[in-house]
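Asker: File follows, protein_19.cif with mmCIF, C-alpha atoms:
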data_target
#
loop_
_atom_site.label_atom_id
_atom_site.label_comp_id
_atom_site.auth_asym_id
_atom_site.auth_seq_id
_atom_site.Cartn_x
_atom_site.Cartn_y
_atom_site.Cartn_z
CA MET A 1 61.19 -14.44 193.91
CA SER A 2 62.01 -17.88 192.64
CA SER A 3 65.43 -18.37 191.11
CA GLU A 4 64.07 -20.91 188.64
CA THR A 5 63.79 -19.75 185.09
CA PRO A 6 60.57 -20.59 183.30
CA ASP A 7 60.57 -23.13 180.48
CA THR A 8 61.16 -21.39 177.22
CA ASP A 9 59.10 -22.05 174.16
CA PRO A 10 61.45 -23.65 171.60
CA ASP A 11 59.55 -21.98 168.76
CA ALA A 12 59.65 -18.52 170.27
CA THR A 13 61.41 -15.85 168.29
CA PRO A 14 62.65 -12.68 169.89
CA CYS A 15 60.85 -9.57 168.80
CA ALA A 16 58.55 -11.40 166.43
CA TYR A 17 56.62 -8.20 165.95
CA THR A 18 59.40 -6.30 164.27
CA ASP A 19 58.83 -8.28 161.10
CA TYR A 20 58.22 -5.42 158.71
CA ARG A 21 57.23 -7.70 155.89
CA GLU A 22 53.70 -8.14 157.15
CA GLY A 23 50.86 -6.57 155.25
CA GLU A 24 49.12 -7.11 151.98
CA ALA A 25 49.84 -5.30 148.78
CA VAL A 26 47.00 -2.99 147.76
CA GLU A 27 46.35 -2.23 144.14
CA GLU A 28 46.82 1.44 143.21
CA LEU A 29 49.09 1.93 146.22
CA PRO A 30 51.68 3.26 146.68
CA ALA A 31 50.36 6.35 144.93
CA THR A 32 53.26 8.39 143.55
CA GLY A 33 51.58 10.80 141.17
CA GLU A 34 53.75 9.63 138.28
CA ASP A 35 50.85 10.10 135.84
CA ALA A 36 49.76 13.41 137.34
CA THR A 37 49.76 16.54 135.21
CA GLY A 38 49.36 20.28 135.76
CA LEU A 39 48.61 21.48 139.28
CA GLU A 40 48.37 17.95 140.64
CA ALA A 41 51.89 17.20 139.45
CA ASP A 42 53.05 20.39 141.20
CA VAL A 43 51.41 19.23 144.42
CA TRP A 44 53.09 15.82 144.20
CA GLU A 45 56.39 17.59 143.64
CA VAL A 46 56.21 19.54 146.90
CA LEU A 47 54.98 16.47 148.79
CA TYR A 48 58.10 14.62 147.63
CA GLU A 49 60.19 17.25 149.40
CA ILE A 50 58.71 16.39 152.82
CA GLU A 51 60.59 13.74 154.75
CA ASP A 52 59.50 11.44 157.52
CA PRO A 53 60.66 13.00 160.81
CA GLU A 54 62.51 9.86 161.91
CA MET A 55 63.96 8.51 158.68
CA PRO A 56 65.48 10.19 155.61
CA VAL A 57 62.76 9.12 153.22
CA SER A 58 60.14 11.17 151.42
CA ILE A 59 56.61 10.74 152.77
CA VAL A 60 55.55 9.90 149.21
CA ASP A 61 58.12 7.12 148.89
CA LEU A 62 57.14 5.92 152.35
CA GLY A 63 53.64 5.46 150.94
CA LEU A 64 51.82 7.85 153.25
CA ILE A 65 50.04 9.75 150.48
CA TYR A 66 47.05 7.81 149.18
CA GLY A 67 45.78 10.39 146.71
CA VAL A 68 45.91 13.96 145.40
CA ALA A 69 43.15 15.72 143.48
CA VAL A 70 42.90 19.43 142.69
CA SER A 71 39.43 20.63 141.80
CA ASP A 72 38.70 23.42 139.28
CA ASP A 73 38.26 25.99 142.02
CA GLY A 74 41.81 25.36 143.22
CA VAL A 75 41.05 23.19 146.26
CA ALA A 76 43.76 20.56 146.70
CA HIS A 77 42.40 17.38 148.29
CA VAL A 78 45.12 15.24 149.82
CA ASP A 79 44.51 11.83 151.42
CA MET A 80 47.27 10.86 153.82
CA THR A 81 47.80 8.06 156.32
CA LEU A 82 50.36 7.53 159.08
CA THR A 83 52.40 4.42 159.77
CA TYR A 84 51.19 4.35 163.39
CA SER A 85 48.01 5.68 164.99
CA GLY A 86 49.97 6.90 168.02
CA CYS A 87 52.40 8.88 165.84
CA PRO A 88 53.65 11.78 167.95
CA ALA A 89 54.49 13.78 164.80
CA ARG A 90 50.95 13.78 163.44
CA ASP A 91 50.23 17.48 163.88
CA MET A 92 53.69 18.39 162.63
CA LEU A 93 53.35 16.33 159.45
CA GLU A 94 49.84 17.61 158.80
CA GLY A 95 51.11 21.16 159.21
CA GLN A 96 54.04 20.58 156.85
CA VAL A 97 51.80 19.09 154.18
CA GLU A 98 49.19 21.85 154.46
CA GLU A 99 51.80 24.57 154.31
CA ALA A 100 53.72 23.10 151.38
CA VAL A 101 50.63 22.41 149.31
CA ALA A 102 49.13 25.84 150.05
CA ASP A 103 52.32 27.41 148.66
CA VAL A 104 51.84 25.80 145.25
CA ASP A 105 50.96 28.43 142.66
CA GLY A 106 47.30 27.99 141.72
CA VAL A 107 46.25 26.18 144.89
CA GLU A 108 43.66 28.26 146.74
CA GLU A 109 42.86 25.94 149.60
CA VAL A 110 44.08 22.66 151.07
CA ASP A 111 41.74 19.90 152.23
CA LEU A 112 43.89 17.33 154.01
CA GLN A 113 42.15 14.13 155.13
CA LEU A 114 43.79 11.56 157.38
CA VAL A 115 42.68 8.12 156.23
CA TRP A 116 43.28 4.74 157.89
CA SER A 117 41.99 2.24 155.40
CA PRO A 118 43.72 0.36 153.93
CA GLY A 119 46.11 0.39 156.87
CA TRP A 120 49.68 1.33 155.97
CA SER A 121 52.17 -1.52 155.61
CA ILE A 122 55.67 -1.94 154.24
CA GLU A 123 54.08 -3.01 150.94
CA MET A 124 53.14 0.65 150.44
CA VAL A 125 56.77 1.79 150.28
CA THR A 126 58.09 2.46 146.77
CA GLU A 127 61.26 0.78 145.48
CA ARG A 128 63.12 4.05 145.86
CA GLY A 129 61.75 4.34 149.40
CA LYS A 130 63.00 0.85 150.19
CA ASP A 131 66.45 1.81 148.88
CA ASP A 132 66.43 4.90 151.10
CA LEU A 133 65.41 2.86 154.11
CA ARG A 134 68.14 0.26 153.42
CA GLU A 135 70.66 3.04 153.07
CA PHE A 136 69.48 4.29 156.47
CA GLY A 137 70.17 0.84 157.90
CA LEU A 138 66.80 -0.89 157.99
CA SER A 139 66.68 -4.44 156.69
CA ILE A 140 63.65 -4.59 154.44
CA MET B 1 25.30 -2.27 155.10
CA VAL B 2 28.95 -1.84 156.01
CA GLY B 3 30.05 1.78 155.92
CA GLU B 4 26.94 3.01 154.13
CA ILE B 5 26.63 6.08 156.35
CA GLU B 6 29.18 8.69 155.34
CA SER B 7 28.05 11.66 157.36
CA PRO B 8 25.96 12.47 160.45
CA GLU B 9 23.66 14.46 158.15
CA GLU B 10 22.15 11.13 157.15
CA LEU B 11 21.09 10.46 160.77
CA ASP B 12 18.11 11.52 162.84
CA ALA B 13 18.58 13.15 166.26
CA ASP B 14 18.39 9.90 168.24
CA GLU B 15 20.89 8.22 165.96
CA ARG B 16 23.29 11.13 166.25
CA ASP B 17 23.10 10.92 170.05
CA ALA B 18 23.68 7.17 169.89
CA LEU B 19 26.68 7.61 167.61
CA GLU B 20 28.11 10.21 169.96
CA ALA B 21 27.59 7.96 172.98
CA LEU B 22 29.25 4.99 171.28
CA LEU B 23 32.28 7.05 170.19
CA GLN B 24 32.67 8.57 173.64
CA ARG B 25 32.67 5.13 175.26
CA LEU B 26 35.34 3.94 172.84
CA ALA B 27 37.55 7.03 173.02
CA ASP B 28 37.26 7.63 176.76
CA ASP B 29 38.08 4.00 177.66
CA GLU B 30 41.27 4.19 175.60
CA TYR B 31 42.30 7.62 176.82
CA VAL B 32 41.79 6.99 180.54
CA LEU B 33 43.43 3.55 180.45
CA ALA B 34 46.46 5.14 178.78
CA GLU B 35 46.56 7.84 181.46
CA ARG B 36 46.71 5.14 184.14
CA TYR B 37 49.31 3.07 182.23
CA THR B 38 51.66 6.03 182.06
CA GLU B 39 51.87 6.00 185.86
CA TRP B 40 54.04 2.88 185.44
CA GLN B 41 56.62 4.68 183.35
CA VAL B 42 59.99 4.35 185.12
CA ARG B 43 58.26 2.31 187.85
CA ALA B 44 57.53 -1.04 186.18
CA PRO B 45 59.39 -4.11 187.54
CA THR B 46 61.83 -4.39 184.63
CA LEU B 47 62.97 -2.05 181.88
CA GLU B 48 61.34 -4.32 179.31
CA SER B 49 57.96 -4.32 181.06
CA ASP B 50 58.28 -0.56 181.46
CA LEU B 51 58.75 -0.20 177.70
CA ALA B 52 55.94 -2.64 176.95
CA LEU B 53 53.38 -0.84 179.08
CA SER B 54 54.53 2.55 177.82
CA ASN B 55 54.05 1.25 174.29
CA ASN B 56 50.57 0.05 175.16
CA ALA B 57 49.81 3.49 176.55
CA GLN B 58 50.99 5.09 173.31
CA ASP B 59 48.86 2.68 171.28
CA GLU B 60 45.77 3.43 173.35
CA LEU B 61 46.34 7.19 173.09
CA GLY B 62 46.60 6.80 169.32
CA HIS B 63 43.35 4.85 169.24
CA ALA B 64 41.63 7.39 171.47
CA ARG B 65 42.62 10.04 168.91
CA LEU B 66 41.16 8.00 166.07
CA TRP B 67 37.82 7.90 167.89
CA TYR B 68 37.95 11.57 168.97
CA ASP B 69 38.57 12.38 165.27
CA VAL B 70 35.25 10.78 164.39
CA LEU B 71 33.55 12.83 167.11
CA GLU B 72 34.76 15.91 165.22
CA ASP B 73 32.14 14.94 162.59
CA LEU B 74 29.58 15.81 165.26
CA GLY B 75 31.02 19.27 165.79
CA TYR B 76 33.48 18.69 168.63
CA GLU B 77 37.17 19.44 168.78
CA GLU B 78 39.73 17.11 170.30
CA HIS B 79 41.01 19.60 172.88
CA GLU B 80 37.46 20.32 174.07
CA LEU B 81 36.72 16.65 174.47
CA VAL B 82 39.89 15.87 176.39
CA TYR B 83 40.54 19.03 178.40
CA GLU B 84 37.27 20.93 178.66
CA ARG B 85 34.67 18.32 179.48
CA ASP B 86 33.47 18.06 183.07
CA PRO B 87 34.43 14.79 184.78
CA ASP B 88 30.83 13.55 184.84
CA GLU B 89 30.54 13.92 181.07
CA TRP B 90 33.10 11.15 180.54
CA ARG B 91 31.70 7.76 179.58
CA HIS B 92 34.55 5.32 180.26
CA SER B 93 34.13 2.17 182.32
CA THR B 94 35.21 2.48 185.95
CA LEU B 95 37.71 -0.35 185.29
CA VAL B 96 40.09 2.04 183.57
CA GLU B 97 39.93 4.87 186.11
CA ARG B 98 40.74 2.88 189.27
CA PRO B 99 44.02 3.96 190.89
CA PHE B 100 46.92 1.56 191.37
CA ALA B 101 48.11 0.78 194.87
CA GLU B 102 51.80 1.59 195.00
CA GLY B 103 53.83 -1.09 193.24
CA ASP B 104 50.83 -3.33 192.54
CA TRP B 105 51.97 -4.67 189.19
CA ALA B 106 49.45 -7.54 189.37
CA ASP B 107 46.67 -4.96 189.30
CA ALA B 108 48.05 -3.44 186.10
CA ILE B 109 48.30 -6.89 184.50
CA VAL B 110 44.79 -8.05 185.51
CA ARG B 111 43.30 -4.78 184.28
CA HIS B 112 45.29 -5.06 181.04
CA TYR B 113 44.03 -8.64 180.51
CA LEU B 114 40.35 -8.00 181.35
CA TYR B 115 40.30 -4.87 179.19
CA ASP B 116 42.09 -6.23 176.15
CA VAL B 117 39.87 -9.31 175.84
CA ALA B 118 36.90 -6.93 175.86
CA GLU B 119 38.52 -4.63 173.35
CA GLU B 120 39.22 -7.46 170.95
CA LEU B 121 35.55 -8.51 171.04
CA ARG B 122 34.26 -5.00 170.68
CA LEU B 123 36.49 -4.26 167.67
CA GLU B 124 35.16 -7.39 165.96
CA ALA B 125 31.67 -6.01 166.54
CA LEU B 126 32.69 -2.74 164.83
CA GLU B 127 34.31 -4.29 161.73
CA GLU B 128 31.03 -4.10 159.87
CA SER B 129 29.78 -0.84 161.34
CA SER B 130 27.28 1.03 159.20
CA TYR B 131 29.17 4.27 159.95
CA ALA B 132 31.97 4.45 157.37
CA LYS B 133 34.54 6.23 159.53
CA ILE B 134 34.16 3.62 162.28
CA ALA B 135 34.50 0.64 159.94
CA ASP B 136 37.46 2.32 158.19
CA ARG B 137 39.70 2.52 161.22
CA VAL B 138 38.99 -0.79 162.92
CA GLY B 139 41.60 -2.65 160.84
CA LYS B 140 44.33 -0.18 161.75
CA ILE B 141 43.52 -0.50 165.45
CA GLN B 142 43.32 -4.30 165.31
CA SER B 143 46.73 -4.46 163.63
CA GLU B 144 48.18 -2.55 166.58
CA GLU B 145 46.21 -4.40 169.26
CA GLY B 146 47.28 -7.87 168.21
CA TYR B 147 49.96 -8.33 170.80
CA HIS B 148 48.22 -6.60 173.72
CA ARG B 149 46.22 -9.63 174.76
CA GLU B 150 49.20 -11.94 174.28
CA HIS B 151 51.33 -9.69 176.46
CA ALA B 152 48.68 -9.65 179.18
CA GLU B 153 48.20 -13.42 179.08
CA ASN B 154 51.96 -14.07 179.25
CA TRP B 155 52.21 -11.92 182.35
CA MET B 156 49.10 -13.49 183.93
CA GLU B 157 50.69 -16.92 183.52
CA ARG B 158 54.03 -15.72 184.85
CA LEU B 159 52.47 -14.21 187.97
CA ALA B 160 50.08 -17.09 188.65
CA THR B 161 52.63 -19.18 190.54
CA GLY B 162 54.07 -18.44 193.99
CA GLU B 163 53.30 -15.21 195.81
CA GLY B 164 52.09 -13.57 192.63
CA HIS B 165 49.00 -15.77 192.74
CA GLU B 166 47.62 -14.05 195.80
CA ARG B 167 48.25 -10.63 194.31
CA LEU B 168 46.43 -11.65 191.12
CA GLN B 169 43.50 -12.97 193.14
CA ASP B 170 43.25 -9.71 195.07
CA ALA B 171 43.29 -7.75 191.83
CA VAL B 172 40.64 -10.00 190.25
CA ASP B 173 38.38 -9.60 193.33
CA ARG B 174 38.80 -5.85 193.17
CA LEU B 175 38.61 -5.31 189.39
CA PHE B 176 36.18 -7.91 188.07
CA PRO B 177 33.02 -6.00 189.10
CA HIS B 178 34.45 -2.85 187.49
CA ALA B 179 35.28 -4.80 184.33
CA LEU B 180 31.62 -5.80 184.05
CA THR B 181 30.78 -2.11 183.60
CA LEU B 182 32.53 -2.31 180.22
CA PHE B 183 29.26 -3.86 179.07
CA GLU B 184 26.88 -1.47 180.78
CA PRO B 185 24.80 0.79 178.52
CA VAL B 186 24.90 4.58 178.61
CA ASP B 187 21.14 4.06 178.88
CA GLU B 188 18.90 1.33 177.48
CA GLN B 189 17.33 3.44 174.73
CA THR B 190 20.67 4.74 173.43
CA GLU B 191 22.12 1.23 173.43
CA GLU B 192 19.18 -0.05 171.43
CA THR B 193 19.69 2.67 168.83
CA ILE B 194 23.44 1.90 168.58
CA VAL B 195 22.61 -1.66 167.51
CA ASP B 196 19.49 -0.85 165.45
CA ALA B 197 21.41 1.73 163.40
CA GLY B 198 24.18 -0.83 162.86
CA PHE B 199 26.91 1.34 164.41
CA ARG B 200 27.90 -1.76 166.40
CA THR B 201 26.68 -5.12 165.12
CA GLU B 202 26.49 -6.93 168.45
CA SER B 203 24.63 -6.04 171.62
CA LEU B 204 26.41 -5.40 174.91
CA GLU B 205 24.72 -8.50 176.32
CA ASP B 206 26.26 -10.67 173.62
CA LEU B 207 29.67 -9.08 174.09
CA ALA B 208 29.47 -9.61 177.86
CA GLU B 209 28.56 -13.24 177.29
CA GLU B 210 31.55 -13.82 175.03
CA TRP B 211 33.84 -11.94 177.38
CA VAL B 212 32.81 -13.90 180.47
CA ASN B 213 33.12 -17.18 178.57
CA THR B 214 36.68 -16.23 177.61
CA THR B 215 38.02 -14.62 180.78
CA VAL B 216 36.45 -16.84 183.45
CA PRO B 217 37.79 -20.16 182.05
CA PHE B 218 41.22 -18.57 181.53
CA LEU B 219 41.30 -17.27 185.11
CA ASP B 220 39.98 -20.59 186.36
CA GLY B 221 42.83 -22.35 184.54
CA LEU B 222 45.27 -20.23 186.54
CA GLY B 223 43.50 -21.18 189.79
CA LEU B 224 41.88 -17.76 190.11
CA GLU B 225 38.33 -17.46 191.33
CA THR B 226 35.86 -14.99 189.96
CA PRO B 227 32.54 -13.92 191.45
CA ALA B 228 30.80 -15.20 188.32
CA VAL B 229 32.46 -18.62 188.05
CA GLU B 230 29.49 -20.62 189.33
CA ARG B 231 27.26 -19.19 186.65
CA VAL B 232 29.59 -19.90 183.75
CA HIS B 233 28.94 -23.34 182.33
CA PHE B 234 31.74 -24.23 180.05
CA ASP B 235 29.53 -25.93 177.50
CA GLU B 236 26.86 -23.25 177.40
CA TYR B 237 27.20 -19.65 176.43
CA GLU B 238 24.39 -18.00 178.28
CA PHE B 239 25.33 -15.45 180.84
CA GLU B 240 23.64 -12.44 182.27
CA VAL B 241 25.36 -9.76 184.34
CA LEU B 242 23.50 -9.49 187.63
CA ASP B 243 22.84 -6.08 189.07
CA GLU B 244 24.29 -7.00 192.48
CA GLU B 245 27.59 -7.93 190.83
CA LEU B 246 28.08 -4.42 189.52
CA PRO B 247 29.73 -1.60 191.47
CA ASP B 248 27.64 1.43 192.49
CA LYS B 249 29.45 3.68 190.06
CA ARG B 250 29.40 2.42 186.49
CA GLY B 251 31.13 5.05 184.42
CA ARG B 252 28.98 4.64 181.34
CA ASP B 253 26.16 6.70 182.85
CA GLY B 254 28.52 9.48 183.94
CA SER B 255 28.81 8.25 187.54
CA HIS B 256 32.43 7.69 188.54
CA THR B 257 34.51 6.67 191.53
CA ASP B 258 36.30 9.42 193.49
CA ALA B 259 39.64 8.42 192.00
CA TRP B 260 38.43 9.72 188.64
CA ASN B 261 38.05 13.29 189.88
CA ASP B 262 41.65 13.29 191.07
CA LEU B 263 42.96 11.88 187.80
CA HIS B 264 40.88 14.30 185.75
CA ASP B 265 42.09 17.22 187.83
CA GLU B 266 45.68 16.12 187.29
CA PHE B 267 45.68 15.71 183.51
CA THR B 268 43.70 18.88 182.86
CA ARG B 269 45.78 21.00 185.24
CA THR B 270 48.43 22.20 182.79
CA TYR B 271 45.79 23.09 180.22
CA ARG B 272 43.85 25.11 182.79
CA GLU B 273 46.93 26.83 184.14
CA LEU B 274 48.13 27.80 180.66
CA GLY B 275 44.72 29.36 180.07
CA ARG B 276 45.16 31.49 183.16
CA SER B 277 48.69 32.71 182.54
CA GLU B 278 49.13 34.16 179.10
CA ALA B 279 52.70 34.96 178.11
CA THR B 280 51.89 38.68 177.90
CA LYS B 281 50.94 38.77 181.57
CA ILE B 282 54.28 37.31 182.56
CA MET B 283 56.00 40.00 180.46
CA GLU B 284 53.96 42.71 182.16
CA THR B 285 55.03 41.68 185.66
CA ALA B 286 58.64 42.22 184.64
CA GLU B 287 58.15 45.99 184.41
#
Take the structure from the file and write it as structure tokens.
Answerer:
Amino acid sequence: MSSETPDTDPDATPCAYTDYREGEAVEELPATGEDATGLEADVWEVLYEIEDPEMPVSIVDLGLIYGVAVSDDGVAHVDMTLTYSGCPARDMLEGQVEEAVADVDGVEEVDLQLVWSPGWSIEMVTERGKDDLREFGLSI
Amino acid sequence: MVGEIESPEELDADERDALEALLQRLADDEYVLAERYTEWQVRAPTLESDLALSNNAQDELGHARLWYDVLEDLGYEEHELVYERDPDEWRHSTLVERPFAEGDWADAIVRHYLYDVAEELRLEALEESSYAKIADRVGKIQSEEGYHREHAENWMERLATGEGHERLQDAVDRLFPHALTLFEPVDEQTEETIVDAGFRTESLEDLAEEWVNTTVPFLDGLGLETPAVERVHFDEYEFEVLDEELPDKRGRDGSHTDAWNDLHDEFTRTYRELGRSEATKIMETAE
């Protein structure tokens, strides 16, 4: 091996890809259920209780829940995304959401859909979520 | 129209088969490449490169899952597709199944480069897919793929001086024909349907042309020869993959190199063994 060090790019920045500010804001997201009523509000409430497995922040404040709708026959439709496609906690989170929502009085069935568009970005995190993440030690 | 097809119920039998073939190509490429990448865990030349390749493996496994999810629309389940399919039902390119010679980091880097240029092109050709669930997830995958090609190119440049050059050349000689199988059809009729139905908006011929016109000049710039270099004219785009340049086994048609059987046997072993030894049986032997 040569002992010479390669020329370094003067504009290079270390770990350029950990810039968590990337991503475009999407209208209607984050969805927080603040205007929800009845059963849907109850569903949002239990979703708020579920935290990301790596950080002490609610999955709702993290912006993972894109929508909740409960139909007249008691089927709760939940649209959820994940921050990363290779998330090793995918099955766990899906299980937690399905279990929590199924426990809501009046919900007969849970239809959980994983959605990927628009792709999650830091813009989807609520202000409270950002506070929680800062508290945890992330600089966002 | 982009994403106009919401469900396989809107498709005829040929279109369903074509959709299935396209998704299997996409998912299997990602899954098998990730399987090979993981062999470098704790063996890469530096801790940083170890982490980088492990991360790539995790990305590709995530993307494989996104494509296997879409195959669930056609009635499959993920565990069946990964652990219960026979080896000759897999549709990945032979590029991703080739074994690494011990410590041949240049092979991993060349494979990584040749594959990720192809993946970038193929994702662009899926952005406007007529099948909604394909079009929907392309953006997510692209956002995670962005640095793969850059990582590969950085390493190619780093290795292209000194003794690394010879290792790169050996890897190019060995892998380039297998990389060409990335653009081989499952069969001609199925490929035609994939494009006619708008599942992918570019033909494999066009993708191969773009790929060759990207990779060959880049390799040439590093002083690396490719079998195809004489037929790539830098001001023209036309290129056709010649049959004699392709390896005997092409992956896409279900034919695979022997190394694939070994790899398949290895990653399905635990699943098979668990199926044979239920917990209750272990309890019974304790009597």
Asker: Could you work out how far CA of His63 (chain B) lies from CA of Val60 (chain A), giving the answer in Å with one decimal?
Answerer: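 Interatomic distance, CA of Val60 (chain A) to CA of His63 (chain B): 24.0 Å.
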Asker: As a list in words, please: the residues near region 30-42 of chain B (cut-off 7 Å, only C-alpha atoms, same-chain neighbours under 3 positions excluded).
Answerer: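 These residues fall inside the cut-off: Leu26, Ala27, Asp50, Leu53, Ser54, Ala57, Glu60, Leu61, His63, Ala64, Val96 and Glu97 of chain B.
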Asker: If you take all atoms listed in the file and a cut-off of 8 Å, which residues of chain B touch chain A, and what are their nearest atom pairs and distances in Å to one decimal, in chain and number order, as a Markdown table?
Answerer:
| residue | atom | partner | partner_atom | distance |
| --- | --- | --- | --- | --- |
| B:Gln58 | CA | A:Gly86 | CA | 5.7 |
| B:Asp59 | CA | A:Gly86 | CA | 5.4 |
| B:Glu60 | CA | A:Gly86 | CA | 7.6 |
| B:Leu61 | CA | A:Gly86 | CA | 6.2 |
| B:Gly62 | CA | A:Gly86 | CA | 3.6 |
| B:His63 | CA | A:Ser85 | CA | 6.4 |
| B:Arg65 | CA | A:Ser85 | CA | 8.0 |
| B:Leu66 | CA | A:Ser85 | CA | 7.3 |
| B:Asp136 | CA | A:Ser117 | CA | 5.3 |
| B:Arg137 | CA | A:Trp116 | CA | 5.4 |
| B:Gly139 | CA | A:Gly119 | CA | 6.7 |
| B:Lys140 | CA | A:Gly119 | CA | 5.2 |
| B:Ile141 | CA | A:Ser85 | CA | 7.7 |
Asker: Go ahead and compute the interatomic distance for CA of Ile59 (chain A) and CA of Glu108 (chain A), in Å to one decimal.
Answerer: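 So the answer is 22.6 Å.
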Asker: Which neighbours of region 238-244 of chain B fall inside 10 Å, counting all atoms listed in the file, when residues of the same chain fewer than 6 positions from it are skipped, and could you give them as a PyMOL selection string?
Answerer: chain B and resi 177+180-181+183-184+205-206+208-213+228+231-232
Asker: Give me the residues within 12 Å of Asp88 (chain B) as number ranges by chain, counting all atoms listed in the file and dropping any in the same chain fewer than 3 places off.
Answerer: B: 28, 84-85, 91-92, 94, 249-258, 260-261, 264
Asker: One decimal, Å: what's the distance from CA of Gln24 (chain B) over to CA of Val78 (chain A), could you say?
Answerer: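 Between CA of Gln24 (chain B) and CA of Val78 (chain A) the gap works out to 27.7 Å.
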Asker: Could you check which of A:Leu93, A:Asp72, A:Gln113, A:Glu27 is closest to Glu54 (chain A), using all atoms listed in the file?
Answerer: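 Nearest to Glu54 (chain A): A:Leu93.
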Asker: For the file shown, report as a list in words the outcome of the PyMOL selection byres ((chain A and resi 133) around 12) at residue level.
Answerer: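 This file, filtered by the PyMOL selection byres ((chain A and resi 133) around 12), leaves Tyr20, Glu51, Asp52, Glu54, Met55, Pro56, Val57, Ser58, Ile59, Asp61, Leu62, Ile122, Val125, Thr126, Glu127, Arg128, Gly129, Lys130, Asp131, Asp132, Arg134, Glu135, Phe136, Gly137, Leu138, Ser139 and Ile140 of chain A.
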Asker: Report as an NGL selection string the residues that result from applying the PyMOL selection byres ((chain A and resi 47) around 9) to the structure here.
Answerer: :A and (42-46 or 48-51 or 58-60 or 65 or 97 or 100-101)
Asker: Any chance you can output those residues with C-alpha atoms as a PDB file, in the coordinates of the input?
Answerer:
ATOM      1  CA  ASP A  42      53.050  20.390 141.200  1.00  0.00           C
ATOM      2  CA  VAL A  43      51.410  19.230 144.420  1.00  0.00           C
ATOM      3  CA  TRP A  44      53.090  15.820 144.200  1.00  0.00           C
ATOM      4  CA  GLU A  45      56.390  17.590 143.640  1.00  0.00           C
ATOM      5  CA  VAL A  46      56.210  19.540 146.900  1.00  0.00           C
ATOM      6  CA  TYR A  48      58.100  14.620 147.630  1.00  0.00           C
ATOM      7  CA  GLU A  49      60.190  17.250 149.400  1.00  0.00           C
ATOM      8  CA  ILE A  50      58.710  16.390 152.820  1.00  0.00           C
ATOM      9  CA  GLU A  51      60.590  13.740 154.750  1.00  0.00           C
ATOM     10  CA  SER A  58      60.140  11.170 151.420  1.00  0.00           C
ATOM     11  CA  ILE A  59      56.610  10.740 152.770  1.00  0.00           C
ATOM     12  CA  VAL A  60      55.550   9.900 149.210  1.00  0.00           C
ATOM     13  CA  ILE A  65      50.040   9.750 150.480  1.00  0.00           C
ATOM     14  CA  VAL A  97      51.800  19.090 154.180  1.00  0.00           C
ATOM     15  CA  ALA A 100      53.720  23.100 151.380  1.00  0.00           C
ATOM     16  CA  VAL A 101      50.630  22.410 149.310  1.00  0.00           C
TER      17      VAL A 101
END
Asker: Hey, could you pull the box centre and edge lengths for region 139-152 of chain B, axis-aligned, 5 Å padding per side, all listed atoms, to one decimal in Å, as lines of an AutoDock Vina configuration file?
Answerer:
center_x = 46.5
center_y = -6.1
center_z = 170.0
size_x = 19.7
size_y = 21.8
size_z = 28.3
Asker: Find the residue from A:Val104, A:Ala89, A:Val110, A:Leu29 that sits nearest to Ser71 (chain A); use only C-alpha atoms when measuring.
Answerer: A:Val110
Asker: Apply the PyMOL selection byres ((chain A and resi 107) around 7) to the structure shown and report the selected residues as a ChimeraX atom specification.
Answerer: /A:74-76,102,104-106,108-109
Asker: Quick one: residues within 7 Å of Ala31 (chain A), all atoms listed in the file counted, chain neighbours fewer than 2 positions away excluded, as a ChimeraX atom specification?
Answerer: /A:28-29,33,63,65-67
Asker: Output as a short mmCIF file (atom, residue, chain, number, x, y, z; two decimals), keeping the file's coordinate frame: region 46-54 of chain A, completed with N, CA and C atoms.
Answerer:
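So the final result, stored in out11.cif, reads:
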data_model
loop_
_atom_site.label_atom_id
_atom_site.label_comp_id
_atom_site.auth_asym_id
_atom_site.auth_seq_id
_atom_site.Cartn_x
_atom_site.Cartn_y
_atom_site.Cartn_z
N VAL A 46 55.89 18.99 145.58
CA VAL A 46 56.21 19.54 146.90
C VAL A 46 56.07 18.49 148.00
N LEU A 47 55.14 17.54 147.79
CA LEU A 47 54.98 16.47 148.79
C LEU A 47 56.24 15.61 148.86
N TYR A 48 56.86 15.40 147.68
CA TYR A 48 58.10 14.62 147.63
C TYR A 48 59.20 15.22 148.50
N GLU A 49 59.13 16.55 148.66
CA GLU A 49 60.19 17.25 149.40
C GLU A 49 60.09 17.02 150.91
N ILE A 50 58.91 16.55 151.37
CA ILE A 50 58.71 16.39 152.82
C ILE A 50 59.21 15.01 153.25
N GLU A 51 60.05 15.01 154.28
CA GLU A 51 60.59 13.74 154.75
C GLU A 51 59.92 13.30 156.05
N ASP A 52 59.94 11.99 156.25
CA ASP A 52 59.50 11.44 157.52
C ASP A 52 60.40 12.02 158.61
N PRO A 53 59.82 12.37 159.79
CA PRO A 53 60.66 13.00 160.81
C PRO A 53 61.72 12.08 161.43
N GLU A 54 61.54 10.78 161.28
CA GLU A 54 62.51 9.86 161.91
C GLU A 54 63.49 9.24 160.92
#
